[in-house]
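Engineer: I am attaching a structure below and will ask some questions about it afterwards.
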Amino acid sequence: KAFSGDGATVALHRLQPGHEPKPHSHVNEQIAYILAGRIRFFVGDEVKESGPGELLVIPPNVVHWGEVIGDEAVLNLDVFT
């Protein structure tokens, strides 16, 4: 689910265990807020594991992707500016 205004997009994503990670980049800064589950984010050369209540900032034009850790779906709220 996503909603866009003139300067930002808010999107709610659900990633299931075993999903195929897709490395990508975009011109937007992305702020990811993890609501449920655990995820391993790859952002450029950095790797960060995140769980409920944690935030991650992904700078514009940096290749990134996430892998679900464990067998619980990850629910995250993303803000793109």
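Scheme for the structure tokens: letters A, B, ... for chains in order shown; per-chain residue numbers from 1; ligand numbers from 1 in order shown.
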Could you list, as a PyMOL selection string, every residue within 6 Å of stretch 22-30 of chain A, counting only C-alpha atoms and ignoring same-chain residues fewer than 4 positions away?

Structural biologist: chain A and resi 57-65+79-81

Engineer: Would you write out those residues with C-alpha atoms, as a short mmCIF file (atom, residue, chain, number, x, y, z; two decimals), in the first residue's frame?

Structural biologist:
data_model
loop_
_atom_site.label_atom_id
_atom_site.label_comp_id
_atom_site.auth_asym_id
_atom_site.auth_seq_id
_atom_site.Cartn_x
_atom_site.Cartn_y
_atom_site.Cartn_z
CA VAL A 57 17.98 5.72 6.53
CA ILE A 58 18.95 4.78 2.97
CA PRO A 59 20.58 7.65 1.08
CA PRO A 60 19.58 8.48 -2.50
CA ASN A 61 21.20 6.49 -5.34
CA VAL A 62 22.71 3.81 -3.04
CA VAL A 63 22.16 0.16 -4.01
CA HIS A 64 20.24 -1.66 -1.26
CA TRP A 65 18.03 -4.64 -0.49
CA VAL A 79 8.97 7.08 3.67
CA PHE A 80 10.49 8.24 0.38
CA THR A 81 11.38 11.90 -0.18
#

Engineer: I'd like the contact shell of A:Ile39 - 6 Å cut-off, only C-alpha atoms, skipping same-chain residues fewer than 6 positions apart - returned as a ChimeraX atom specification.

Structural biologist: /A:49-50,67-69

Engineer: Can you pull out the residues contacting A:Tyr33? Cut-off 10 Å, using only C-alpha atoms, and skip same-chain residues under 4 positions away; I want them as an mmCIF file with C-alpha atoms, in the first residue's frame.

Structural biologist:
data_model
loop_
_atom_site.group_PDB
_atom_site.id
_atom_site.type_symbol
_atom_site.label_atom_id
_atom_site.label_comp_id
_atom_site.auth_asym_id
_atom_site.auth_seq_id
_atom_site.Cartn_x
_atom_site.Cartn_y
_atom_site.Cartn_z
ATOM 1 C CA LEU A 12 3.611 -0.146 3.846
ATOM 2 C CA SER A 50 16.870 -4.460 12.300
ATOM 3 C CA GLY A 51 13.790 -5.439 14.273
ATOM 4 C CA PRO A 52 10.579 -3.873 15.585
ATOM 5 C CA GLY A 53 10.908 -0.210 16.506
ATOM 6 C CA GLU A 54 14.157 0.340 14.623
ATOM 7 C CA LEU A 55 14.745 2.881 11.859
ATOM 8 C CA LEU A 56 17.141 2.889 8.933
ATOM 9 C CA VAL A 57 17.980 5.723 6.530
ATOM 10 C CA LEU A 75 6.215 -5.364 8.116
ATOM 11 C CA ASN A 76 7.895 -2.045 7.441
ATOM 12 C CA LEU A 77 6.726 1.479 6.816
ATOM 13 C CA ASP A 78 8.825 3.354 4.266
ATOM 14 C CA VAL A 79 8.970 7.083 3.674
#

Engineer: Report, in Å with one decimal, the straight-line distance from atom CA of A:Phe42 to atom CA of A:Gly66.

Structural biologist: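 For atom CA of A:Phe42 relative to atom CA of A:Gly66, the distance reads 6.1 Å.
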